[in-house]
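structure-v3.cif (mmCIF, C-alpha atoms) appears below.
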```cif
data_model
#
loop_
_atom_site.label_atom_id
_atom_site.label_comp_id
_atom_site.auth_asym_id
_atom_site.auth_seq_id
_atom_site.Cartn_x
_atom_site.Cartn_y
_atom_site.Cartn_z
CA MET A 197 0.00 0.00 0.00
CA LYS A 198 1.37 3.40 -0.96
CA ILE A 199 1.73 5.84 1.93
CA ARG A 200 -0.22 9.09 1.67
CA GLN A 201 1.60 12.38 1.03
CA GLU A 202 -0.02 13.87 4.14
CA LEU A 203 1.94 11.38 6.23
CA LEU A 204 5.17 11.68 4.26
CA LYS A 205 5.51 15.43 4.78
CA ASN A 206 6.08 14.91 8.53
CA ILE A 207 8.45 11.96 8.26
CA ARG A 208 12.16 12.67 8.47
CA GLN A 209 13.82 11.40 5.30
CA VAL A 210 17.53 11.37 4.57
CA GLU A 211 19.81 9.77 2.01
CA PRO A 212 21.36 6.96 4.05
CA TYR A 213 24.97 5.86 4.29
CA VAL A 214 25.67 2.94 1.96
CA PRO A 215 28.01 0.37 3.53
CA GLY A 216 30.22 -1.97 1.56
CA GLU A 217 28.69 -5.22 0.38
CA GLN A 218 28.76 -8.16 2.80
CA PRO A 219 28.94 -11.12 0.42
CA GLN A 220 28.38 -14.64 1.72
CA GLY A 221 30.28 -17.83 0.96
CA ARG A 222 33.83 -18.25 -0.27
CA VAL A 223 35.01 -14.84 -1.45
CA VAL A 224 38.06 -12.61 -1.18
CA LYS A 225 36.60 -9.70 0.75
CA LEU A 226 38.69 -6.56 0.34
CA ASN A 227 35.91 -3.95 0.38
CA THR A 228 35.16 -3.01 4.00
CA ASN A 229 38.59 -2.50 5.61
CA GLU A 230 38.15 -5.27 8.14
CA ASN A 231 41.22 -6.82 9.72
CA PRO A 232 42.06 -10.15 8.05
CA TYR A 233 43.38 -11.66 11.31
CA PRO A 234 41.46 -12.78 14.41
CA PRO A 235 41.35 -10.75 17.63
CA SER A 236 43.77 -11.36 20.47
CA PRO A 237 43.54 -14.84 22.07
CA GLU A 238 42.77 -12.96 25.28
CA VAL A 239 39.42 -12.02 23.75
CA ARG A 240 38.51 -15.69 23.42
CA LYS A 241 39.49 -16.28 27.06
CA ALA A 242 37.35 -13.34 28.15
CA LEU A 243 34.39 -14.71 26.19
CA ASP A 244 34.81 -18.19 27.66
CA ALA A 245 34.90 -16.74 31.18
CA LEU A 246 31.65 -14.78 30.74
CA ASP A 247 28.86 -15.64 33.15
CA THR A 248 25.94 -15.96 30.76
CA ASP A 249 23.50 -15.92 33.69
CA ALA A 250 24.44 -12.24 34.06
CA PHE A 251 23.03 -11.52 30.59
CA ARG A 252 19.62 -11.11 32.24
CA LEU A 253 21.01 -7.93 33.86
CA TYR A 254 21.72 -4.63 32.15
CA PRO A 255 25.39 -3.94 31.43
CA ASP A 256 27.35 -1.26 33.26
CA PRO A 257 26.13 2.04 31.74
CA ALA A 258 29.46 3.67 32.63
CA SER A 259 31.45 1.01 30.67
CA SER A 260 33.91 1.09 33.57
CA VAL A 261 36.07 -1.97 32.79
CA LEU A 262 36.68 -0.84 29.21
CA ILE A 263 37.20 2.82 30.03
CA LYS A 264 39.69 1.93 32.76
CA ALA A 265 41.71 -0.19 30.27
CA LEU A 266 41.67 2.58 27.64
CA ALA A 267 42.64 5.26 30.16
CA GLU A 268 45.63 3.19 31.28
CA GLN A 269 46.62 2.51 27.66
CA TYR A 270 46.60 6.20 26.69
CA GLN A 271 47.72 7.53 30.09
CA VAL A 272 44.71 9.82 30.47
CA GLY A 273 42.09 10.12 33.19
CA GLU A 274 39.09 7.83 33.14
CA ASP A 275 37.00 10.99 33.00
CA GLN A 276 38.62 11.72 29.63
CA VAL A 277 37.33 8.57 27.89
CA PHE A 278 33.92 7.85 26.36
CA ALA A 279 32.94 4.44 24.91
CA GLY A 280 30.20 3.57 22.44
CA VAL A 281 28.89 1.01 19.96
CA GLY A 282 31.58 1.46 17.32
CA SER A 283 33.07 4.82 16.40
CA ASP A 284 29.95 5.47 14.27
CA ASP A 285 27.87 5.60 17.45
CA VAL A 286 30.46 7.82 19.15
CA LEU A 287 30.70 10.19 16.17
CA SER A 288 26.92 10.38 15.77
CA LEU A 289 26.59 11.39 19.43
CA CYS A 290 29.38 13.94 18.92
CA PHE A 291 27.42 15.53 16.06
CA LEU A 292 24.32 15.61 18.24
CA THR A 293 26.17 17.01 21.26
CA PHE A 294 28.63 19.53 19.87
CA PHE A 295 27.38 20.79 16.50
CA ASN A 296 24.47 22.99 17.49
CA SER A 297 25.08 26.47 16.10
CA ASP A 298 23.64 28.12 13.00
CA ARG A 299 27.12 28.22 11.46
CA PRO A 300 28.20 25.39 9.13
CA VAL A 301 30.23 22.42 10.29
CA LEU A 302 33.25 21.90 8.01
CA PHE A 303 34.51 18.58 6.67
CA PRO A 304 36.24 17.58 3.39
CA ASP A 305 34.32 16.93 0.19
CA ILE A 306 35.97 13.52 -0.18
CA THR A 307 35.88 11.80 3.19
CA TYR A 308 33.84 9.39 5.31
CA SER A 309 30.36 9.76 3.83
CA PHE A 310 28.58 9.23 7.14
CA TYR A 311 29.45 12.84 8.14
CA ARG A 312 27.08 14.18 5.52
CA VAL A 313 24.37 11.71 6.60
CA TRP A 314 24.56 12.76 10.27
CA ALA A 315 24.53 16.44 9.35
CA GLU A 316 21.39 15.90 7.26
CA LEU A 317 19.77 13.69 9.90
CA TYR A 318 20.29 16.18 12.72
CA ARG A 319 19.59 19.23 10.52
CA ILE A 320 23.09 20.62 11.01
CA PRO A 321 24.31 23.13 8.42
CA TYR A 322 27.57 22.03 6.79
CA GLU A 323 30.04 22.89 4.07
CA CYS A 324 32.62 20.66 2.39
CA PRO A 325 35.89 22.35 1.40
CA GLU A 326 37.46 20.53 -1.55
CA LEU A 327 40.59 18.46 -1.21
CA ASP A 328 43.39 19.74 -3.41
CA ARG A 329 44.38 18.08 -6.70
CA ASN A 330 46.52 15.58 -4.75
CA PHE A 331 43.57 14.73 -2.50
CA ARG A 332 45.03 16.49 0.53
CA ILE A 333 43.12 18.63 3.01
CA VAL A 334 43.82 22.34 2.54
CA LYS A 335 44.15 23.52 6.14
CA GLU A 336 43.60 27.18 5.22
CA ASP A 337 40.04 26.28 4.19
CA TYR A 338 39.32 25.64 7.88
CA TYR A 339 40.46 29.03 9.15
CA ARG A 340 37.05 30.64 8.63
CA GLU A 341 34.11 30.96 11.00
CA ASN A 342 32.30 27.67 11.49
CA GLY A 343 30.13 25.61 13.79
CA GLY A 344 32.72 22.85 14.20
CA VAL A 345 35.31 20.88 12.27
CA ILE A 346 35.64 17.15 11.67
CA PHE A 347 38.07 15.21 9.50
CA PRO A 348 39.57 11.70 9.50
CA ASN A 349 43.29 11.28 9.92
CA PRO A 350 44.27 9.28 7.91
CA ASN A 351 41.51 10.39 5.58
CA ALA A 352 39.24 7.82 4.00
CA PRO A 353 39.10 6.74 1.27
CA THR A 354 42.37 8.47 0.31
CA ALA A 355 44.61 6.82 2.96
CA ILE A 356 46.50 10.10 3.49
CA TYR A 357 47.81 10.92 6.98
CA GLU A 358 48.68 14.43 8.11
CA GLY A 359 51.21 14.99 10.90
CA LEU A 360 50.47 16.51 14.27
CA ASP A 361 51.78 19.94 13.19
CA PHE A 362 48.99 20.00 10.58
CA VAL A 363 46.35 18.96 13.14
CA GLU A 364 47.61 21.50 15.65
CA ASP A 365 47.45 24.27 13.06
CA ILE A 366 43.74 23.58 12.52
CA LEU A 367 43.18 23.48 16.27
CA GLU A 368 44.95 26.82 16.73
CA HIS A 369 42.77 28.46 14.08
CA ASN A 370 39.55 27.08 15.62
CA ARG A 371 39.93 27.74 19.35
CA ASP A 372 36.23 28.63 19.63
CA SER A 373 35.00 25.55 17.75
CA ILE A 374 34.99 21.84 18.55
CA VAL A 375 37.47 19.97 16.35
CA ILE A 376 36.95 16.21 15.99
CA VAL A 377 39.81 14.12 14.62
CA ASP A 378 38.48 10.73 13.50
CA GLU A 379 41.39 8.29 13.86
CA ALA A 380 39.82 5.02 12.70
CA TYR A 381 43.05 4.10 10.87
CA ILE A 382 45.66 5.84 13.01
CA ASP A 383 47.41 2.64 14.11
CA PHE A 384 48.54 2.05 10.51
CA ALA A 385 49.82 5.61 10.11
CA GLY A 386 51.63 7.83 12.62
CA ARG A 387 51.32 9.71 15.89
CA SER A 388 47.85 10.17 17.35
CA ALA A 389 46.28 13.51 18.19
CA VAL A 390 45.57 12.06 21.65
CA GLU A 391 48.95 13.67 22.47
CA LEU A 392 47.26 17.07 22.06
CA VAL A 393 44.15 16.48 24.18
CA ASP A 394 45.54 18.06 27.36
CA LYS A 395 46.74 21.09 25.40
CA TYR A 396 43.52 21.86 23.50
CA ASP A 397 40.17 21.96 25.28
CA ASN A 398 38.38 22.04 21.91
CA LEU A 399 39.79 18.69 20.67
CA ILE A 400 37.98 15.33 20.54
CA VAL A 401 39.81 12.26 19.20
CA THR A 402 37.80 9.19 18.20
CA GLN A 403 39.10 5.69 17.50
CA THR A 404 37.69 2.21 16.89
CA PHE A 405 38.30 -1.48 17.56
CA SER A 406 37.07 -2.38 14.07
CA LYS A 407 40.38 -2.06 12.22
CA SER A 408 43.63 -2.65 14.07
CA ARG A 409 42.03 -4.67 16.89
CA SER A 410 40.07 -7.06 14.61
CA MET A 411 36.73 -6.51 16.36
CA ALA A 412 34.42 -4.95 13.78
CA GLY A 413 31.72 -7.48 14.70
CA MET A 414 31.83 -6.53 18.38
CA ARG A 415 31.15 -2.80 17.69
CA ILE A 416 33.43 -0.84 20.02
CA GLY A 417 34.50 2.76 19.59
CA TYR A 418 35.69 5.49 21.91
CA ALA A 419 36.52 9.17 22.24
CA ILE A 420 39.24 10.90 24.24
CA ALA A 421 38.91 14.56 25.18
CA SER A 422 38.85 16.94 28.14
CA PRO A 423 36.75 15.83 31.14
CA GLU A 424 34.23 18.62 30.44
CA LEU A 425 33.63 17.50 26.83
CA ILE A 426 33.32 13.86 27.92
CA ARG A 427 30.79 14.90 30.58
CA CYS A 428 28.71 16.65 27.90
CA LEU A 429 28.90 13.58 25.68
CA ASN A 430 27.76 11.33 28.53
CA ASP A 431 24.86 13.64 29.32
CA VAL A 432 23.56 13.20 25.78
CA LYS A 433 24.22 9.45 25.83
CA TYR A 434 22.27 9.00 29.08
CA SER A 435 19.43 11.03 27.58
CA PHE A 436 19.44 8.82 24.49
CA ASN A 437 20.37 5.26 25.54
CA SER A 438 22.00 4.53 28.89
CA TYR A 439 22.95 0.92 28.17
CA THR A 440 24.72 1.19 24.86
CA MET A 441 27.41 -1.48 25.21
CA SER A 442 26.87 -5.17 25.91
CA ARG A 443 28.56 -7.04 28.74
CA ALA A 444 30.45 -9.10 26.16
CA ALA A 445 31.75 -6.04 24.32
CA LEU A 446 32.99 -4.44 27.53
CA VAL A 447 35.04 -7.40 28.81
CA CYS A 448 36.29 -8.40 25.35
CA GLY A 449 37.31 -4.85 24.56
CA ALA A 450 39.26 -4.55 27.80
CA ALA A 451 41.02 -7.86 27.08
CA ALA A 452 42.01 -6.69 23.59
CA VAL A 453 43.45 -3.42 24.90
CA GLN A 454 45.51 -5.19 27.52
CA ASP A 455 47.19 -7.52 24.99
CA ARG A 456 49.51 -4.88 23.57
CA ALA A 457 52.02 -7.35 22.08
CA TYR A 458 49.40 -9.09 19.92
CA PHE A 459 48.03 -5.76 18.73
CA GLU A 460 51.46 -4.50 17.69
CA GLU A 461 52.29 -7.73 15.83
CA ASN A 462 48.95 -7.62 14.01
CA VAL A 463 49.58 -4.06 12.84
CA ARG A 464 53.11 -4.99 11.76
CA ARG A 465 51.83 -7.89 9.62
CA ILE A 466 49.28 -5.71 7.88
CA THR A 467 51.70 -2.86 7.17
CA ALA A 468 54.25 -5.34 5.79
CA THR A 469 51.65 -6.78 3.43
CA ARG A 470 50.54 -3.25 2.53
CA ALA A 471 54.07 -2.38 1.40
CA ARG A 472 54.21 -5.47 -0.82
CA VAL A 473 50.77 -4.74 -2.30
CA GLN A 474 51.78 -1.16 -2.99
CA ASP A 475 54.89 -2.31 -4.87
CA GLN A 476 52.92 -4.83 -6.92
CA LEU A 477 50.26 -2.30 -7.84
CA ARG A 478 52.96 0.11 -9.03
CA GLU A 479 54.51 -2.64 -11.14
CA LEU A 480 51.14 -3.06 -12.86
CA GLY A 481 50.93 0.66 -13.60
CA PHE A 482 48.60 1.77 -10.80
CA GLU A 483 48.85 5.14 -9.07
CA MET A 484 47.95 5.63 -5.39
CA THR A 485 47.00 8.66 -3.30
CA GLY A 486 48.50 7.51 0.00
CA ALA A 487 49.44 4.44 2.01
CA ASP A 488 48.75 5.24 5.65
CA ALA A 489 45.79 2.95 6.41
CA ASN A 490 44.89 -0.73 6.10
CA PHE A 491 43.77 -0.08 2.53
CA LEU A 492 45.06 1.54 -0.65
CA PHE A 493 43.24 3.95 -2.96
CA ALA A 494 44.43 3.22 -6.48
CA ARG A 495 43.73 4.03 -10.11
CA HIS A 496 45.12 2.77 -13.41
CA PRO A 497 45.48 5.48 -16.10
CA GLU A 498 44.67 2.99 -18.88
CA HIS A 499 41.84 0.97 -17.33
CA ASP A 500 38.36 2.02 -16.22
CA ALA A 501 37.88 1.45 -12.50
CA LYS A 502 34.24 0.43 -12.79
CA ARG A 503 35.16 -2.29 -15.30
CA LEU A 504 37.96 -3.55 -13.04
CA PHE A 505 35.55 -3.56 -10.10
CA GLY A 506 32.99 -5.56 -12.09
CA GLU A 507 35.52 -8.07 -13.42
CA LEU A 508 36.94 -8.66 -9.95
CA LYS A 509 33.44 -9.17 -8.58
CA LYS A 510 32.74 -11.80 -11.25
CA ARG A 511 35.71 -13.67 -9.81
CA ARG A 512 34.29 -13.37 -6.25
CA ILE A 513 36.83 -10.72 -5.29
CA TYR A 514 35.27 -7.65 -3.70
CA VAL A 515 36.85 -4.20 -3.58
CA ARG A 516 35.13 -0.79 -3.17
CA HIS A 517 34.18 1.60 -5.96
CA TRP A 518 32.23 4.88 -5.96
CA ASN A 519 30.59 6.75 -8.83
CA ASP A 520 31.43 10.19 -7.40
CA GLU A 521 32.94 12.33 -10.15
CA ARG A 522 36.35 13.03 -8.59
CA ILE A 523 37.05 9.46 -7.47
CA ARG A 524 35.16 7.26 -9.94
CA GLN A 525 38.44 6.04 -11.47
CA TYR A 526 39.73 4.79 -8.12
CA LEU A 527 39.36 1.51 -6.30
CA ARG A 528 39.73 1.17 -2.55
CA ILE A 529 41.48 -2.10 -1.80
CA THR A 530 41.62 -3.45 1.75
CA VAL A 531 44.87 -5.14 2.74
CA GLY A 532 44.02 -8.79 3.37
CA THR A 533 46.21 -11.75 4.19
CA ASP A 534 49.16 -12.50 1.92
CA GLU A 535 47.20 -15.43 0.48
CA GLU A 536 44.19 -13.22 -0.27
CA MET A 537 46.37 -10.60 -1.93
CA ASP A 538 48.02 -13.26 -4.08
CA ILE A 539 44.56 -14.36 -5.30
CA PHE A 540 43.67 -10.71 -5.94
CA PHE A 541 46.80 -10.09 -8.03
CA ARG A 542 46.40 -13.24 -10.11
CA ALA A 543 42.90 -12.10 -11.02
CA LEU A 544 43.95 -8.50 -11.59
CA ARG A 545 46.77 -9.49 -13.95
CA ASP A 546 44.38 -11.67 -15.90
CA ILE A 547 41.89 -8.78 -16.21
CA LEU A 548 44.56 -6.30 -17.30
CA ASP A 549 45.95 -8.75 -19.87
CA ASN A 550 42.52 -9.36 -21.40
CA LYS A 551 41.15 -5.87 -21.79
#
```

When written as structure tokens, how does the structure in this file appear?
Amino acid sequence: MKIRQELLKNIRQVEPYVPGEQPQGRVVKLNTNENPYPPSPEVRKALDALDTDAFRLYPDPASSVLIKALAEQYQVGEDQVFAGVGSDDVLSLCFLTFFNSDRPVLFPDITYSFYRVWAELYRIPYECPELDRNFRIVKEDYYRENGGVIFPNPNAPTAIYEGLDFVEDILEHNRDSIVIVDEAYIDFAGRSAVELVDKYDNLIVTQTFSKSRSMAGMRIGYAIASPELIRCLNDVKYSFNSYTMSRAALVCGAAAVQDRAYFEENVRRITATRARVQDQLRELGFEMTGADANFLFARHPEHDAKRLFGELKKRRIYVRHWNDERIRQYLRITVGTDEEMDIFFRALRDILDNK
């Protein structure tokens, strides 16, 4: 039955975020930037030790066990850490909490597309300064009056990381605005802006367990900021949903944080494979924007990206492609295991040889 226009006019409608495909069965899945390796063995131990009888009770709304582990890891106060259901949940609450003026929020034109969705959903005015011709953020574009600033570092899908001097410059020029640095991929790149949190009361840094900690399916994200900003974030959370994180997520997240050695080895394996993939792509004639994440953003000057995407998909190999004008000739390729990347390259060579 078709809904009447009288009803539609009062229903909030937005253009939703479109996630990467989640194909089933035996595939090479290089389209959603998941970690190809399992979580720390300590996560399995934590799961096995869970008292399932306690599942009848609500989880700790303060997420204490996880926040304590994160605070110790980053050497900040527990009152400087906020946890949520993936960094998407954390970022959405940040939009709702901190972006409330009539001035536009600023974020890049090519970036994580959820920013635009949240701005539309919460009726927040926004503007998107263009990346330069090399797909880098132009920091001077963020010197003007605004209602807040958000950008990923490294940026996605470009895989370009900017150093802390760059981040600090934007912070200095926006002392009266909240600046959110989304560090979903920071562990594959360089120094984190967490180092700047005690210096800048307008800074919020968000991170996730979905990439470097191999826990995308558990949905854990967090923010680090001044105690006052974290208090404001918690006030909104408790007004929205007090019990956001499950008991399992809290104890498993804490176990993952505490196994530092496994985490570091996992990151090392992925960055080593990334370097090999980068070299092989160059040998095949591909060009890349950056290499500071667990994926690469690549184009071939002689081959259409949409065709390559389609041919790979026919072979059950999934990468990511967008039709946006500036990036439609690029593919985003997640770094998988060495075996997965070997399968990918055999298929890619076959496609390039049979154009």

So which residues touch range 217-230 of chain A within 8 Å, counting all atoms listed in the file, skipping near sequence neighbours fewer than 4 positions away, as a PDB file with C-alpha atoms, in the frame of the given file?
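What ended up in out_2.pdb:
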```pdb
ATOM      1  CA  SER A 406      37.070  -2.380  14.070  1.00  0.00           C
ATOM      2  CA  LYS A 407      40.380  -2.060  12.220  1.00  0.00           C
ATOM      3  CA  SER A 410      40.070  -7.060  14.610  1.00  0.00           C
ATOM      4  CA  ALA A 412      34.420  -4.950  13.780  1.00  0.00           C
ATOM      5  CA  ASN A 490      44.890  -0.730   6.100  1.00  0.00           C
ATOM      6  CA  PHE A 491      43.770  -0.080   2.530  1.00  0.00           C
ATOM      7  CA  ARG A 512      34.290 -13.370  -6.250  1.00  0.00           C
ATOM      8  CA  ILE A 513      36.830 -10.720  -5.290  1.00  0.00           C
ATOM      9  CA  TYR A 514      35.270  -7.650  -3.700  1.00  0.00           C
ATOM     10  CA  VAL A 515      36.850  -4.200  -3.580  1.00  0.00           C
ATOM     11  CA  ARG A 516      35.130  -0.790  -3.170  1.00  0.00           C
ATOM     12  CA  ARG A 528      39.730   1.170  -2.550  1.00  0.00           C
ATOM     13  CA  ILE A 529      41.480  -2.100  -1.800  1.00  0.00           C
ATOM     14  CA  THR A 530      41.620  -3.450   1.750  1.00  0.00           C
ATOM     15  CA  VAL A 531      44.870  -5.140   2.740  1.00  0.00           C
ATOM     16  CA  GLY A 532      44.020  -8.790   3.370  1.00  0.00           C
ATOM     17  CA  GLU A 536      44.190 -13.220  -0.270  1.00  0.00           C
ATOM     18  CA  ILE A 539      44.560 -14.360  -5.300  1.00  0.00           C
ATOM     19  CA  PHE A 540      43.670 -10.710  -5.940  1.00  0.00           C
TER      20      PHE A 540
END
```

Inset, instruction - Using the chain letters and residue numbers of this document, give as a PyMOL selection string the residues selected by the PyMOL selection byres ((chain A and resi 307) around 8). - result: chain A and resi 303-306+308-309+347-348+351-354

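Selection result for the displayed file, with the PyMOL selection byres ((chain A and resi 238-244) around 9) as criterion, is Pro235, Ser236, Pro237, Ala245, Leu246, Asp247, Ala444, Val447, Cys448, Gly449, Ala450, Ala451, Ala452, Gln454 and Asp455 of chain A.
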
Inset, instruction - Anything within 9 Å of (45.7, -1.4, 17.9): list those residues as a PyMOL selection string, counting all atoms listed in the file and sticking to the file's coordinates. - result: chain A and resi 382-384+404-405+407-410+452-453+456+458-460+462-463

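Taking CA of Leu287 in chain A and CA of Ala457 in chain A as endpoints, the distance between them is 28.2 Å.
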
Legend entry - Separation of CA of Val345 in chain A from CA of Pro325 in chain A, in Å and rounded to one decimal: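 These two atoms are separated by 11.0 Å.
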
Legend entry - Picked residues, the PyMOL selection byres ((chain A and resi 252-258) around 6), expected as a VMD selection string: chain A and resid 250 to 251 259 to 260 438 to 439 442 to 443

Inset, instruction - Might you pull out every residue within 8 Å of range 371-378 of chain A, with only C-alpha atoms counted and same-chain residues fewer than 6 positions away left off, and present them as a PyMOL selection string? - result: chain A and resi 294-295+342-349+389+398-403

Legend entry - Given only C-alpha atoms as the counted atoms, nearest of A:Val281, A:Cys290, A:Met441, A:Leu302 to Arg415 in chain A: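 Smallest separation from Arg415 in chain A among the options: A:Val281.
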
Legend entry - Pick from A:Glu336, A:Asp488, A:Glu323, A:Asp328 nearest to Gly359 in chain A, counting all atoms listed in the file: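 Checking each candidate against Gly359 in chain A, we get A:Asp488 as the closest.
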
Legend entry - Atomic separation - CA of Gly280 in chain A relative to CA of Ile416 in chain A, Å: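 About the pair CA of Ile416 in chain A and CA of Gly280 in chain A: they are 6.0 Å apart.
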
Legend entry - Spatial neighbours of Ala501 in chain A, max dist 7 Å, all atoms listed in the file, sep filter under 5 positions, as a list in words: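 Counting all atoms listed in the file, the residues come to Arg495, Arg524, Gln525, Tyr526 and Leu527 of chain A.
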
Selected residues written out, C-alpha atoms, as a PDB file, in the frame of the given file:
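As a result, again-v4.pdb now contains:
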```pdb
ATOM      1  CA  ARG A 495      43.730   4.030 -10.110  1.00  0.00           C
ATOM      2  CA  ARG A 524      35.160   7.260  -9.940  1.00  0.00           C
ATOM      3  CA  GLN A 525      38.440   6.040 -11.470  1.00  0.00           C
ATOM      4  CA  TYR A 526      39.730   4.790  -8.120  1.00  0.00           C
ATOM      5  CA  LEU A 527      39.360   1.510  -6.300  1.00  0.00           C
TER       6      LEU A 527
END
```

Legend entry - Residues near Ala267 in chain A, cut-off 10 Å, all atoms listed in the file, skip fewer than 6 positions along chain, as a PyMOL selection string: chain A and resi 273-278+420

Legend entry - Given only C-alpha atoms as the counted atoms, nearest of A:Leu317, A:Lys510, A:His499, A:Val261 to Ala279 in chain A: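 When distances to Ala279 in chain A are compared using only C-alpha atoms, the smallest one comes from A:Val261.
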
Within 7 Å of (28.5, 23.2, 4.8) (coordinates as in the file), grab all the protein and nucleic acid residues, counting all atoms listed in the file, and write them out as a compact mmCIF listing (two decimals) with C-alpha atoms, in the coordinates of the input.
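Dumped to part.txt:
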```
# COMPACT_ATOMS: atom_id res chain seq x y z
CA PRO A 300 28.20 25.39 9.13
CA VAL A 301 30.23 22.42 10.29
CA LEU A 302 33.25 21.90 8.01
CA PRO A 321 24.31 23.13 8.42
CA TYR A 322 27.57 22.03 6.79
CA GLU A 323 30.04 22.89 4.07
CA CYS A 324 32.62 20.66 2.39
```

Inset, instruction - Please identify all polymer residues within 9 Å of Leu429 in chain A, counting all atoms listed in the file, omitting same-chain residues fewer than 4 positions from it, and present them as an NGL selection string. - result: :A and (278 or 286 or 289-290 or 292-294 or 424-425 or 433-434)

Inset, instruction - Identify which of the residues A:Phe310, A:Tyr418, A:Phe482, A:Tyr381 lies closest to Ser283 in chain A, counting all atoms listed in the file when measuring atom-to-atom distances. - result: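 Using all atoms listed in the file, Ser283 in chain A sits closest to A:Tyr418.
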